[in-house]
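A.B. asks: Below is the file run26.csv, with CSV, C-alpha atoms and all ligand atoms.
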chain,number,residue,atom,x,y,z
A,1,MET,CA,-13.9,-15.4,5.1
A,2,ALA,CA,-12.5,-12.0,6.0
A,3,THR,CA,-9.2,-10.9,7.6
A,4,ALA,CA,-9.1,-10.1,11.3
A,5,VAL,CA,-8.4,-6.5,10.3
A,6,ARG,CA,-10.5,-4.2,8.1
A,7,ALA,CA,-9.2,-0.7,7.3
A,8,LEU,CA,-12.4,1.0,6.3
A,9,TRP,CA,-16.1,0.4,5.6
A,10,TRP,CA,-19.3,2.2,4.7
A,11,ARG,CA,-22.2,2.4,7.0
A,12,GLY,CA,-25.2,4.7,7.6
A,13,GLY,CA,-24.1,7.2,5.0
A,14,ALA,CA,-20.6,7.6,6.4
A,15,LEU,CA,-17.1,6.3,5.6
A,16,HIS,CA,-15.7,4.6,8.7
A,17,LEU,CA,-11.9,4.5,8.9
A,18,VAL,CA,-9.5,2.9,11.4
A,19,ASP,CA,-7.4,5.9,12.2
A,20,GLN,CA,-3.9,4.5,11.5
A,21,ARG,CA,-2.2,7.4,13.2
A,22,ALA,CA,-3.4,6.2,16.6
A,23,LEU,CA,-2.2,2.6,16.2
A,24,PRO,CA,-0.9,0.5,17.8
A,25,GLY,CA,-1.8,2.4,21.0
A,26,ARG,CA,-5.5,2.9,20.3
A,27,ILE,CA,-8.2,1.7,18.0
A,28,ARG,CA,-9.9,4.9,17.0
A,29,ILE,CA,-12.6,4.9,14.4
A,30,LEU,CA,-13.3,8.0,12.3
A,31,ARG,CA,-16.8,8.5,10.9
A,32,LEU,CA,-16.6,10.8,7.9
A,33,ARG,CA,-19.7,12.3,6.4
A,34,ARG,CA,-18.2,15.0,4.1
A,35,VAL,CA,-15.5,15.0,1.4
A,36,GLN,CA,-13.3,17.5,3.1
A,37,PRO,CA,-12.4,15.4,6.1
A,38,VAL,CA,-11.8,12.4,3.8
A,39,ALA,CA,-9.2,14.5,1.9
A,40,ALA,CA,-7.7,15.5,5.3
A,41,ALA,CA,-7.6,11.9,6.4
A,42,ILE,CA,-5.7,10.9,3.2
A,43,ARG,CA,-3.2,13.8,3.6
A,44,SER,CA,-2.5,13.0,7.2
A,45,LEU,CA,-2.2,9.3,6.7
A,46,ALA,CA,-5.2,8.4,8.9
A,47,VAL,CA,-5.9,6.2,5.9
A,48,ARG,CA,-2.9,5.1,3.8
A,49,GLY,CA,-1.5,2.4,1.6
A,50,ALA,CA,-2.2,2.4,-2.2
A,51,PRO,CA,-5.3,0.2,-2.5
A,52,ALA,CA,-6.9,1.6,0.7
A,53,LEU,CA,-6.3,5.1,-0.6
A,54,GLY,CA,-8.2,4.1,-3.8
A,55,VAL,CA,-11.2,2.8,-1.9
A,56,ALA,CA,-11.2,5.9,0.5
A,57,GLY,CA,-11.0,8.1,-2.6
A,58,ALA,CA,-14.0,6.3,-4.1
A,59,TYR,CA,-16.1,6.7,-1.0
A,60,GLY,CA,-14.9,10.4,-0.8
A,61,MET,CA,-16.5,10.9,-4.2
A,62,VAL,CA,-19.8,9.3,-2.9
A,63,LEU,CA,-19.8,11.9,0.0
A,64,ALA,CA,-19.1,14.7,-2.4
A,65,ALA,CA,-22.1,13.6,-4.6
A,66,ALA,CA,-24.4,13.5,-1.6
A,67,GLU,CA,-23.1,16.8,-0.2
A,68,GLY,CA,-24.0,18.9,-3.2
A,69,GLY,CA,-21.9,21.9,-4.5
A,70,TYR,CA,-19.5,19.6,-6.4
A,71,THR,CA,-19.5,18.5,-10.0
A,72,PRO,CA,-18.0,15.0,-10.5
A,73,ALA,CA,-14.9,16.6,-12.1
A,74,ARG,CA,-14.4,19.1,-9.3
A,75,ALA,CA,-14.7,16.5,-6.6
A,76,ALA,CA,-12.3,14.3,-8.4
A,77,ARG,CA,-9.7,17.1,-8.7
A,78,PHE,CA,-10.1,17.9,-5.0
A,79,LEU,CA,-9.5,14.4,-3.8
A,80,ALA,CA,-6.7,13.7,-6.4
A,81,ALA,CA,-4.7,16.7,-5.0
A,82,THR,CA,-4.2,14.9,-1.7
A,83,ARG,CA,-1.3,12.6,-2.5
A,84,PRO,CA,0.5,12.1,-5.8
A,85,THR,CA,2.3,8.8,-5.9
A,86,ALA,CA,-0.1,5.8,-5.4
A,87,ARG,CA,-1.9,5.1,-8.7
A,88,ASP,CA,-4.8,3.3,-6.9
A,89,LEU,CA,-6.0,6.6,-5.5
A,90,PHE,CA,-6.6,8.0,-9.0
A,91,VAL,CA,-8.2,4.7,-10.1
A,92,GLY,CA,-10.7,4.7,-7.2
A,93,ILE,CA,-11.7,8.3,-7.7
A,94,GLU,CA,-12.0,7.9,-11.5
A,95,ARG,CA,-14.3,4.8,-11.1
A,96,VAL,CA,-16.8,6.8,-9.1
A,97,ARG,CA,-16.4,10.0,-11.1
A,98,ALA,CA,-17.3,8.1,-14.3
A,99,ALA,CA,-20.4,6.5,-12.8
A,100,TRP,CA,-21.6,9.7,-11.2
A,101,ALA,CA,-21.1,11.7,-14.5
A,102,ALA,CA,-23.0,9.0,-16.3
A,103,GLY,CA,-25.9,9.3,-13.9
A,104,ALA,CA,-25.3,6.0,-12.2
A,105,ASP,CA,-25.3,5.5,-8.4
A,106,PRO,CA,-21.9,6.6,-7.0
A,107,LEU,CA,-22.3,4.4,-3.9
A,108,ALA,CA,-22.9,1.3,-6.0
A,109,ALA,CA,-19.7,2.1,-8.0
A,110,ALA,CA,-17.6,2.6,-4.8
A,111,GLU,CA,-19.0,-0.6,-3.3
A,112,ALA,CA,-18.1,-2.5,-6.5
A,113,TYR,CA,-14.6,-1.1,-6.5
A,114,ARG,CA,-14.1,-2.0,-2.9
A,115,ALA,CA,-15.2,-5.6,-3.6
A,116,GLU,CA,-12.8,-5.8,-6.6
A,117,VAL,CA,-9.9,-4.6,-4.5
A,118,VAL,CA,-10.6,-7.1,-1.7
A,119,ALA,CA,-11.0,-10.0,-4.2
A,120,GLU,CA,-7.7,-9.1,-5.9
A,121,CYS,CA,-5.8,-9.0,-2.7
A,122,ARG,CA,-7.3,-12.4,-1.7
A,123,ALA,CA,-6.1,-13.7,-5.1
A,124,ILE,CA,-2.6,-12.3,-4.5
A,125,GLY,CA,-2.5,-14.3,-1.4
A,126,VAL,CA,-3.4,-17.5,-3.2
A,127,ALA,CA,-0.9,-16.7,-6.0
A,128,GLY,CA,2.0,-16.0,-3.7
A,129,ALA,CA,1.6,-18.6,-0.9
A,130,GLY,CA,3.6,-21.2,-2.9
A,131,LEU,CA,6.7,-18.8,-3.1
A,132,LEU,CA,6.8,-18.7,0.7
A,133,ALA,CA,6.7,-22.5,1.1
A,134,ARG,CA,10.2,-22.4,-0.3
A,135,ALA,CA,11.2,-19.2,1.4
A,136,PRO,CA,9.3,-18.9,4.7
A,137,ARG,CA,11.5,-16.3,6.4
A,138,VAL,CA,10.3,-13.1,4.8
A,139,LEU,CA,11.5,-9.5,5.1
A,140,THR,CA,8.9,-6.8,4.5
A,141,HIS,CA,9.0,-3.0,4.4
A,142,CYS,CA,6.3,-0.5,5.4
A,143,ASN,CA,2.7,-1.8,5.8
A,144,ALA,CA,1.2,-3.7,2.9
A,145,GLY,CA,-1.3,-5.4,5.0
A,146,ALA,CA,-5.1,-5.2,5.5
A,147,LEU,CA,-4.7,-1.7,6.8
A,148,ALA,CA,-3.2,-0.7,3.5
A,149,THR,CA,-5.7,-2.5,1.3
A,150,VAL,CA,-9.1,-2.8,3.2
A,151,GLU,CA,-8.6,-6.6,3.7
A,152,TRP,CA,-5.8,-9.2,3.3
A,153,GLY,CA,-3.1,-6.9,2.2
A,154,THR,CA,-0.7,-7.3,-0.8
A,155,ALA,CA,2.6,-8.3,0.7
A,156,LEU,CA,0.8,-9.7,3.8
A,157,ALA,CA,-1.8,-11.7,1.8
A,158,PRO,CA,0.7,-14.5,0.7
A,159,ILE,CA,2.0,-14.5,4.3
A,160,ARG,CA,-1.5,-15.1,5.6
A,161,ALA,CA,-2.3,-17.7,2.9
A,162,ALA,CA,1.0,-19.5,3.4
A,163,ARG,CA,0.3,-19.7,7.2
A,164,GLU,CA,-3.2,-21.0,6.6
A,165,ALA,CA,-1.6,-23.7,4.4
A,166,GLY,CA,0.7,-24.7,7.2
A,167,THR,CA,3.9,-23.0,6.1
A,168,PRO,CA,6.0,-22.0,9.2
A,169,VAL,CA,6.3,-18.3,8.1
A,170,PHE,CA,8.4,-15.8,10.0
A,171,VAL,CA,8.3,-12.1,9.2
A,172,TRP,CA,11.1,-9.6,9.6
A,173,VAL,CA,9.4,-6.2,9.9
A,174,ASP,CA,11.4,-3.1,8.9
A,175,GLU,CA,10.2,-0.4,11.3
A,176,THR,CA,10.1,2.0,8.3
A,177,ARG,CA,11.1,5.5,9.3
A,178,PRO,CA,10.0,8.2,9.6
A,179,LEU,CA,6.4,7.2,10.2
A,180,LEU,CA,7.0,3.7,11.4
A,181,GLN,CA,4.3,1.9,9.3
A,182,GLY,CA,6.2,-1.3,9.8
A,183,GLY,CA,6.8,-1.1,13.5
A,184,ARG,CA,3.3,0.4,14.3
A,185,LEU,CA,1.0,-1.2,11.7
A,186,THR,CA,2.5,-4.4,10.1
A,187,ALA,CA,3.6,-5.6,13.6
A,188,TRP,CA,0.1,-4.8,15.0
A,189,GLU,CA,-1.6,-6.9,12.2
A,190,LEU,CA,0.8,-9.8,12.6
A,191,ALA,CA,0.5,-9.7,16.4
A,192,ARG,CA,-3.3,-9.8,16.3
A,193,GLU,CA,-3.1,-13.0,14.2
A,194,GLY,CA,-0.3,-14.6,16.1
A,195,ILE,CA,2.0,-14.7,13.1
A,196,PRO,CA,5.6,-15.0,14.3
A,197,HIS,CA,7.6,-11.8,13.5
A,198,ALA,CA,10.3,-9.4,14.8
A,199,VAL,CA,10.5,-5.7,14.2
A,200,ILE,CA,14.0,-4.5,13.2
A,201,ALA,CA,15.5,-1.1,12.7
A,202,ASP,CA,15.5,-0.2,9.0
A,203,ASN,CA,19.3,-0.4,8.9
A,204,ALA,CA,19.4,-3.9,10.4
A,205,ALA,CA,18.1,-5.7,7.3
A,206,GLY,CA,21.5,-6.2,5.7
A,207,HIS,CA,22.8,-7.8,8.9
A,208,PHE,CA,20.1,-10.4,8.9
A,209,LEU,CA,20.4,-11.1,5.2
A,210,GLN,CA,24.2,-11.5,5.6
A,211,ARG,CA,23.6,-14.0,8.4
A,212,GLY,CA,21.3,-16.1,6.2
A,213,GLU,CA,18.2,-15.4,8.3
A,214,VAL,CA,16.1,-14.0,5.5
A,215,ASP,CA,14.9,-16.2,2.6
A,216,CYS,CA,13.1,-13.5,0.5
A,217,VAL,CA,12.0,-9.9,0.5
A,218,LEU,CA,8.3,-9.2,-0.2
A,219,VAL,CA,6.9,-5.7,-0.4
A,220,GLY,CA,3.8,-3.9,-1.8
A,221,ALA,CA,3.9,-1.0,-4.3
A,222,ASP,CA,2.4,2.4,-4.9
A,223,ARG,CA,2.9,2.6,-8.6
A,224,ILE,CA,4.4,0.2,-11.1
A,225,ALA,CA,5.5,1.3,-14.6
A,226,ARG,CA,5.0,-0.9,-17.7
A,227,ASN,CA,8.6,-2.0,-17.6
A,228,GLY,CA,8.3,-3.2,-14.0
A,229,ASP,CA,10.0,-0.2,-12.2
A,230,VAL,CA,8.4,0.0,-8.8
A,231,ALA,CA,7.6,3.1,-6.6
A,232,ASN,CA,7.1,2.0,-3.0
A,233,LYS,CA,7.9,3.4,0.5
A,234,ILE,CA,11.2,5.1,0.9
A,235,GLY,CA,13.9,2.4,1.7
A,236,THR,CA,12.4,-0.2,-0.6
A,237,TYR,CA,15.1,0.4,-3.2
A,238,GLU,CA,18.0,-0.3,-0.7
A,239,LYS,CA,16.2,-3.6,0.4
A,240,ALA,CA,16.1,-4.7,-3.2
A,241,VAL,CA,19.8,-3.9,-3.6
A,242,LEU,CA,20.6,-5.9,-0.5
A,243,ALA,CA,18.4,-8.8,-1.7
A,244,ARG,CA,20.4,-8.9,-4.9
A,245,ALA,CA,23.7,-8.7,-3.1
A,246,HIS,CA,22.7,-11.7,-1.0
A,247,ARG,CA,21.1,-13.7,-3.9
A,248,ARG,CA,17.7,-13.6,-2.3
A,249,PRO,CA,14.5,-13.2,-4.3
A,250,PHE,CA,12.8,-9.7,-4.2
A,251,TYR,CA,9.0,-10.0,-4.8
A,252,VAL,CA,6.5,-7.2,-5.3
A,253,ALA,CA,2.8,-7.9,-4.6
A,254,ALA,CA,0.2,-5.6,-6.1
A,255,PRO,CA,-3.4,-5.5,-7.5
A,256,TRP,CA,-3.8,-4.3,-11.1
A,257,SER,CA,-4.9,-0.8,-9.9
A,258,THR,CA,-1.3,-0.2,-8.9
A,259,PHE,CA,0.1,-0.9,-12.4
A,260,ASP,CA,0.3,2.3,-14.5
A,261,PRO,CA,-0.2,1.5,-18.2
A,262,ASP,CA,0.6,5.1,-19.1
A,263,ARG,CA,4.1,5.1,-17.8
A,264,SER,CA,6.8,3.3,-19.7
A,265,ASP,CA,9.3,3.4,-16.8
A,266,GLY,CA,9.7,4.7,-13.3
A,267,SER,CA,11.7,7.9,-14.2
A,268,GLY,CA,8.7,10.1,-14.3
A,269,ILE,CA,6.8,8.8,-11.3
A,270,VAL,CA,6.0,11.8,-8.9
A,271,ILE,CA,7.6,11.1,-5.6
A,272,GLU,CA,5.7,12.8,-2.7
A,273,GLU,CA,8.0,14.9,-0.5
A,274,ARG,CA,6.4,15.2,3.0
A,275,ASP,CA,6.8,17.7,5.7
A,276,GLY,CA,10.3,17.7,7.3
A,277,ALA,CA,8.6,17.8,10.7
A,278,GLU,CA,8.0,14.0,10.3
A,279,LEU,CA,11.8,13.6,10.7
A,280,ARG,CA,12.5,16.4,13.1
A,281,ARG,CA,10.4,15.1,16.0
A,282,LEU,CA,9.4,11.7,17.4
A,283,GLY,CA,6.8,11.4,20.2
A,284,GLY,CA,7.1,15.1,20.9
A,285,ARG,CA,10.9,14.9,21.2
A,286,ARG,CA,13.2,17.0,19.0
A,287,LEU,CA,15.6,14.7,17.1
A,288,VAL,CA,17.3,17.2,14.7
A,289,PRO,CA,18.7,20.6,15.3
A,290,ASP,CA,16.4,23.4,14.0
A,291,ALA,CA,19.4,24.8,12.0
A,292,SER,CA,19.7,21.5,10.0
A,293,ALA,CA,17.9,21.0,6.7
A,294,VAL,CA,16.0,17.8,6.2
A,295,ARG,CA,14.6,16.0,3.1
A,296,ASN,CA,11.7,13.7,3.5
A,297,PRO,CA,10.8,11.8,0.3
A,298,ALA,CA,8.0,9.3,1.0
A,299,PHE,CA,8.8,6.9,-1.8
A,300,ASP,CA,11.7,5.6,-4.0
A,301,VAL,CA,11.8,3.7,-7.3
A,302,THR,CA,13.3,0.2,-7.5
A,303,PRO,CA,14.4,-0.6,-11.0
A,304,ALA,CA,12.7,-3.7,-12.6
A,305,ARG,CA,16.1,-5.4,-12.9
A,306,LEU,CA,16.1,-5.9,-9.1
A,307,VAL,CA,12.6,-7.5,-9.0
A,308,THR,CA,12.6,-11.3,-9.2
A,309,ALA,CA,8.8,-11.4,-9.8
A,310,PHE,CA,5.5,-9.7,-9.3
A,311,VAL,CA,2.7,-11.4,-7.3
A,312,THR,CA,-0.4,-10.3,-9.1
A,313,PRO,CA,-4.1,-11.5,-8.8
A,314,ASP,CA,-3.4,-13.5,-11.9
A,315,GLY,CA,-0.3,-15.3,-10.7
A,316,VAL,CA,3.4,-14.8,-10.3
A,317,VAL,CA,4.9,-12.8,-13.3
A,318,PRO,CA,8.6,-12.0,-14.0
A,319,PRO,CA,9.3,-8.3,-14.8
A,320,GLY,CA,9.9,-9.2,-18.5
A,321,ARG,CA,6.4,-10.4,-18.9
A,322,ILE,CA,4.5,-7.8,-16.7
A,323,ALA,CA,3.6,-5.5,-19.6
A,324,GLY,CA,1.9,-8.3,-21.5
A,325,ALA,CA,0.1,-9.5,-18.3
A,326,LEU,CA,-1.2,-5.9,-17.8
A,327,ARG,CA,-2.4,-5.7,-21.4
A,328,ARG,CA,-4.2,-9.0,-21.0
A,329,HIS,CA,-5.8,-7.9,-17.7
A,330,ARG,CA,-7.1,-4.6,-19.3
A,331,ARG,CA,-8.5,-6.5,-22.3
A,332,ARG,CA,-10.4,-8.8,-19.9
A,333,ALA,CA,-11.5,-6.1,-17.5
A,334,GLY,CA,-13.2,-4.0,-20.3
A,335,PRO,CA,-13.8,-0.3,-20.4
A,336,THR,CA,-13.3,0.5,-16.7
A,337,PRO,CA,-10.3,-1.6,-15.7
A,338,ILE,CA,-8.9,-1.3,-12.3
B,401,LIG,O1,2.9,6.5,2.8
B,401,LIG,P1,2.1,5.3,2.9
B,401,LIG,O2,2.0,4.7,4.2
B,401,LIG,O3,0.8,5.4,2.2
B,401,LIG,O4,3.0,4.2,2.0
B,401,LIG,C1,2.5,3.0,1.8
B,401,LIG,C2,3.4,2.1,1.0
B,401,LIG,O5,4.4,2.5,0.6
B,401,LIG,C3,2.9,0.7,0.8
B,401,LIG,O6,4.0,-0.2,0.8
B,401,LIG,C4,2.2,0.6,-0.5
B,401,LIG,O7,1.2,1.5,-0.6
B,401,LIG,C5,1.6,-0.7,-0.8
B,401,LIG,S1,0.2,-1.0,0.3
B,401,LIG,C6,-0.5,-2.5,-0.2
Represent the structure from my file as structure tokens, please.

C.D. replies:
Amino acid sequence: MATAVRALWWRGGALHLVDQRALPGRIRILRLRRVQPVAAAIRSLAVRGAPALGVAGAYGMVLAAAEGGYTPARAARFLAATRPTARDLFVGIERVRAAWAAGADPLAAAEAYRAEVVAECRAIGVAGAGLLARAPRVLTHCNAGALATVEWGTALAPIRAAREAGTPVFVWVDETRPLLQGGRLTAWELAREGIPHAVIADNAAGHFLQRGEVDCVLVGADRIARNGDVANKIGTYEKAVLARAHRRPFYVAAPWSTFDPDRSDGSGIVIEERDGAELRRLGGRRLVPDASAVRNPAFDVTPARLVTAFVTPDGVVPPGRIAGALRRHRRRAGPTPI
């Protein structure tokens, strides 16, 4: 079984991407046959979301290998320079770099990586569905759906699985300024599948929590440190603070590729700062006086103490046990763990 939405696929020697910049207005497919346009698609958020970035990076390496003129290391450096925060991007690139450098088939390595990511997201859905049976009115931030992960999603996977199991889920969708991944992408996925939801302005979440209309908050992640600190889309931290203030659980769903075993806590996670133009204009209209400075961090870090539990492919894990669960996963996964 597959989800109704798939973010990217490989066919006829080309990486095919749903251009997420055009949604929800238009379904535009990009066919990429060279590594340079893959890097441009990552930078411009035509493809986005941590696990999908990893798979796009993996196929980008396949294109670099076919193109010639790149060594595995040079292609990896080129693709890794696109966006700094999501760990999955580096994992996907490294998977194919290692295979290519060892003389193995880069495409087979990328296909295997894609299949693992999809399987992990499916498992996250199964693991998290039970949480929503007790808390069916879910607030989510950004897009952690199939568009962000190839299929299923991370935060949206338990929502899909709970609905399949008959739970009457309802999703509060933060619009997620400045690029509106919630209003444009999460709402698009939910609408296609007829999952009940409402888009709200980012600053309306506290209002609905205060009125008792939100049972839990469930988000994805871009990088998770060993102690459970979570980097995710800007605004996630304040949702976690709100959830704690209203005694509602705050769950983070992620595949193992998002967990960073080399980072003891979130303090050193590189936060991407994007072009201020994303804040200054909307739909061609000027929103901010030219004389005003703007800051546009794309992510923030939520401390582990605000996380109730992680929804992983291996089950629901509290922050205090996440380092051990990651160690066990890496022992099981062997020399090329996700
Ligand atoms: O800047 P984006 O759109 O790539 O940011 C995406 C997010 O922050 C997602 O929440 C995260 O990558 C998890 S996706 C399963």

A.B. asks: How close does each residue of chain A get to ligand LIG 401 (chain B), giving the shortest atom pair and distance in Å to one decimal for every residue with an atom at most 8 Å away, counting all atoms listed in the file, sorted by chain and residue number, as JSON lines?

C.D. replies:
{"residue": "A:Leu45", "atom": "CA", "partner": "B:LIG401", "partner_atom": "O3", "distance": 6.7}
{"residue": "A:Val47", "atom": "CA", "partner": "B:LIG401", "partner_atom": "O3", "distance": 7.7}
{"residue": "A:Arg48", "atom": "CA", "partner": "B:LIG401", "partner_atom": "O3", "distance": 4.0}
{"residue": "A:Gly49", "atom": "CA", "partner": "B:LIG401", "partner_atom": "O7", "distance": 3.6}
{"residue": "A:Ala50", "atom": "CA", "partner": "B:LIG401", "partner_atom": "O7", "distance": 3.9}
{"residue": "A:Pro51", "atom": "CA", "partner": "B:LIG401", "partner_atom": "C6", "distance": 6.0}
{"residue": "A:Ala52", "atom": "CA", "partner": "B:LIG401", "partner_atom": "S1", "distance": 7.6}
{"residue": "A:Leu53", "atom": "CA", "partner": "B:LIG401", "partner_atom": "O3", "distance": 7.6}
{"residue": "A:Ala86", "atom": "CA", "partner": "B:LIG401", "partner_atom": "O7", "distance": 6.6}
{"residue": "A:His141", "atom": "CA", "partner": "B:LIG401", "partner_atom": "O6", "distance": 6.8}
{"residue": "A:Cys142", "atom": "CA", "partner": "B:LIG401", "partner_atom": "O6", "distance": 5.2}
{"residue": "A:Asn143", "atom": "CA", "partner": "B:LIG401", "partner_atom": "O6", "distance": 5.4}
{"residue": "A:Ala144", "atom": "CA", "partner": "B:LIG401", "partner_atom": "C6", "distance": 3.7}
{"residue": "A:Gly145", "atom": "CA", "partner": "B:LIG401", "partner_atom": "C6", "distance": 6.0}
{"residue": "A:Ala146", "atom": "CA", "partner": "B:LIG401", "partner_atom": "C6", "distance": 7.8}
{"residue": "A:Ala148", "atom": "CA", "partner": "B:LIG401", "partner_atom": "S1", "distance": 4.7}
{"residue": "A:Thr149", "atom": "CA", "partner": "B:LIG401", "partner_atom": "C6", "distance": 5.4}
{"residue": "A:Gly153", "atom": "CA", "partner": "B:LIG401", "partner_atom": "C6", "distance": 5.6}
{"residue": "A:Thr154", "atom": "CA", "partner": "B:LIG401", "partner_atom": "C6", "distance": 4.8}
{"residue": "A:Ala155", "atom": "CA", "partner": "B:LIG401", "partner_atom": "C6", "distance": 6.6}
{"residue": "A:Leu179", "atom": "CA", "partner": "B:LIG401", "partner_atom": "O2", "distance": 7.8}
{"residue": "A:Gln181", "atom": "CA", "partner": "B:LIG401", "partner_atom": "O2", "distance": 6.3}
{"residue": "A:Val219", "atom": "CA", "partner": "B:LIG401", "partner_atom": "O6", "distance": 6.3}
{"residue": "A:Gly220", "atom": "CA", "partner": "B:LIG401", "partner_atom": "C5", "distance": 4.0}
{"residue": "A:Ala221", "atom": "CA", "partner": "B:LIG401", "partner_atom": "C5", "distance": 4.2}
{"residue": "A:Asp222", "atom": "CA", "partner": "B:LIG401", "partner_atom": "O7", "distance": 4.6}
{"residue": "A:Ala231", "atom": "CA", "partner": "B:LIG401", "partner_atom": "O5", "distance": 7.9}
{"residue": "A:Asn232", "atom": "CA", "partner": "B:LIG401", "partner_atom": "O5", "distance": 4.5}
{"residue": "A:Lys233", "atom": "CA", "partner": "B:LIG401", "partner_atom": "O5", "distance": 3.6}
{"residue": "A:Ile234", "atom": "CA", "partner": "B:LIG401", "partner_atom": "O5", "distance": 7.3}
{"residue": "A:Ala253", "atom": "CA", "partner": "B:LIG401", "partner_atom": "C6", "distance": 7.7}
{"residue": "A:Ala254", "atom": "CA", "partner": "B:LIG401", "partner_atom": "C6", "distance": 6.7}
{"residue": "A:Ala298", "atom": "CA", "partner": "B:LIG401", "partner_atom": "O1", "distance": 6.1}
{"residue": "A:Phe299", "atom": "CA", "partner": "B:LIG401", "partner_atom": "O5", "distance": 6.7}

A.B. asks: Show me, as a Markdown table, the residues of stretch 159-244 of chain A having an atom within 8 Å of stretch 8-32 of chain A, each with the closest atom pair and its distance in Å, using all atoms listed in the file.

C.D. replies:
| residue | atom | partner | partner_atom | distance |
| --- | --- | --- | --- | --- |
| A:Arg184 | CA | A:Pro24 | CA | 5.5 |
| A:Leu185 | CA | A:Pro24 | CA | 6.6 |
| A:Trp188 | CA | A:Pro24 | CA | 6.1 |

A.B. asks: Which neighbours of A:Ala133 fall inside 12 Å, counting all atoms listed in the file, when residues of the same chain fewer than 5 positions from it are skipped, and could you give them as a PDB file with C-alpha atoms, keeping the file's coordinate frame?

C.D. replies:
ATOM      1  CA  ALA A 127      -0.900 -16.700  -6.000  1.00  0.00           C
ATOM      2  CA  GLY A 128       2.000 -16.000  -3.700  1.00  0.00           C
ATOM      3  CA  VAL A 138      10.300 -13.100   4.800  1.00  0.00           C
ATOM      4  CA  PRO A 158       0.700 -14.500   0.700  1.00  0.00           C
ATOM      5  CA  ILE A 159       2.000 -14.500   4.300  1.00  0.00           C
ATOM      6  CA  ARG A 160      -1.500 -15.100   5.600  1.00  0.00           C
ATOM      7  CA  ALA A 161      -2.300 -17.700   2.900  1.00  0.00           C
ATOM      8  CA  ALA A 162       1.000 -19.500   3.400  1.00  0.00           C
ATOM      9  CA  ARG A 163       0.300 -19.700   7.200  1.00  0.00           C
ATOM     10  CA  GLU A 164      -3.200 -21.000   6.600  1.00  0.00           C
ATOM     11  CA  ALA A 165      -1.600 -23.700   4.400  1.00  0.00           C
ATOM     12  CA  GLY A 166       0.700 -24.700   7.200  1.00  0.00           C
ATOM     13  CA  THR A 167       3.900 -23.000   6.100  1.00  0.00           C
ATOM     14  CA  PRO A 168       6.000 -22.000   9.200  1.00  0.00           C
ATOM     15  CA  VAL A 169       6.300 -18.300   8.100  1.00  0.00           C
ATOM     16  CA  PHE A 170       8.400 -15.800  10.000  1.00  0.00           C
ATOM     17  CA  ASP A 215      14.900 -16.200   2.600  1.00  0.00           C
ATOM     18  CA  CYS A 216      13.100 -13.500   0.500  1.00  0.00           C
TER      19      CYS A 216
END

A.B. asks: Any idea what the distance is between atom CA of A:Phe78 and atom CA of A:Arg33?

C.D. replies: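 Separation between atom CA of A:Phe78 and atom CA of A:Arg33: 15.9 Å.
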
A.B. asks: Which residues of stretch 65-161 of chain A sit at most 10 Å from stretch 270-277 of chain A, using all atoms listed in the file? Give each one's shortest atom pair and distance in Å (one decimal place), in chain and ascending residue order, as CSV.

C.D. replies:
residue,atom,partner,partner_atom,distance
A:Arg83,CA,A:Glu272,CA,7.0
A:Pro84,CA,A:Glu272,CA,6.1
A:Thr85,CA,A:Val270,CA,5.6
A:Ala86,CA,A:Val270,CA,9.2

A.B. asks: Counting all atoms listed in the file, figure out which residue out of A:Gly212, A:Gly103, A:Pro255, A:Gly283 gets nearest to A:Leu180.

C.D. replies: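 Nearest to A:Leu180: A:Gly283.
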
A.B. asks: May I ask for the distance between atom CA of A:Arg137 and atom CA of A:Glu238, given in Å to one decimal place?

C.D. replies: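 It comes out at 18.7 Å.
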
A.B. asks: Measure the distance from atom CA of A:Glu175 to atom CA of A:Leu218 in Å and round it to one decimal.

C.D. replies: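 Atom CA of A:Glu175 sits 14.6 Å away from atom CA of A:Leu218.
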
A.B. asks: Fewer than 4 positions away in the same chain doesn't count, so skip those; otherwise give me all residues within 8 Å of A:Lys239, counting all atoms listed in the file, as a PyMOL selection string.

C.D. replies: chain A and resi 205-206+217+235+243

A.B. asks: Output C-alpha atoms of each residue in that selection to a file, as a CSV table (one decimal), in the frame of the given file.

C.D. replies:
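Below is the file that was written, out-v4.csv:
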chain,number,residue,atom,x,y,z
A,205,ALA,CA,18.1,-5.7,7.3
A,206,GLY,CA,21.5,-6.2,5.7
A,217,VAL,CA,12.0,-9.9,0.5
A,235,GLY,CA,13.9,2.4,1.7
A,243,ALA,CA,18.4,-8.8,-1.7

A.B. asks: Dig up all the protein and nucleic acid residues within 6 Å of (15.8, -1.4, -3.5) in the file frame, using only C-alpha atoms, and format them as a list in words.

C.D. replies: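 The distance filter leaves exactly Thr236, Tyr237, Glu238, Lys239, Ala240, Val241 and Thr302 of chain A.
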
A.B. asks: For the residues selected in the previous step, produce a file with C-alpha atoms as a CSV table (one decimal), in the frame of the given file.

C.D. replies:
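The result, stored in result_24.csv:
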chain,number,residue,atom,x,y,z
A,236,THR,CA,12.4,-0.2,-0.6
A,237,TYR,CA,15.1,0.4,-3.2
A,238,GLU,CA,18.0,-0.3,-0.7
A,239,LYS,CA,16.2,-3.6,0.4
A,240,ALA,CA,16.1,-4.7,-3.2
A,241,VAL,CA,19.8,-3.9,-3.6
A,302,THR,CA,13.3,0.2,-7.5
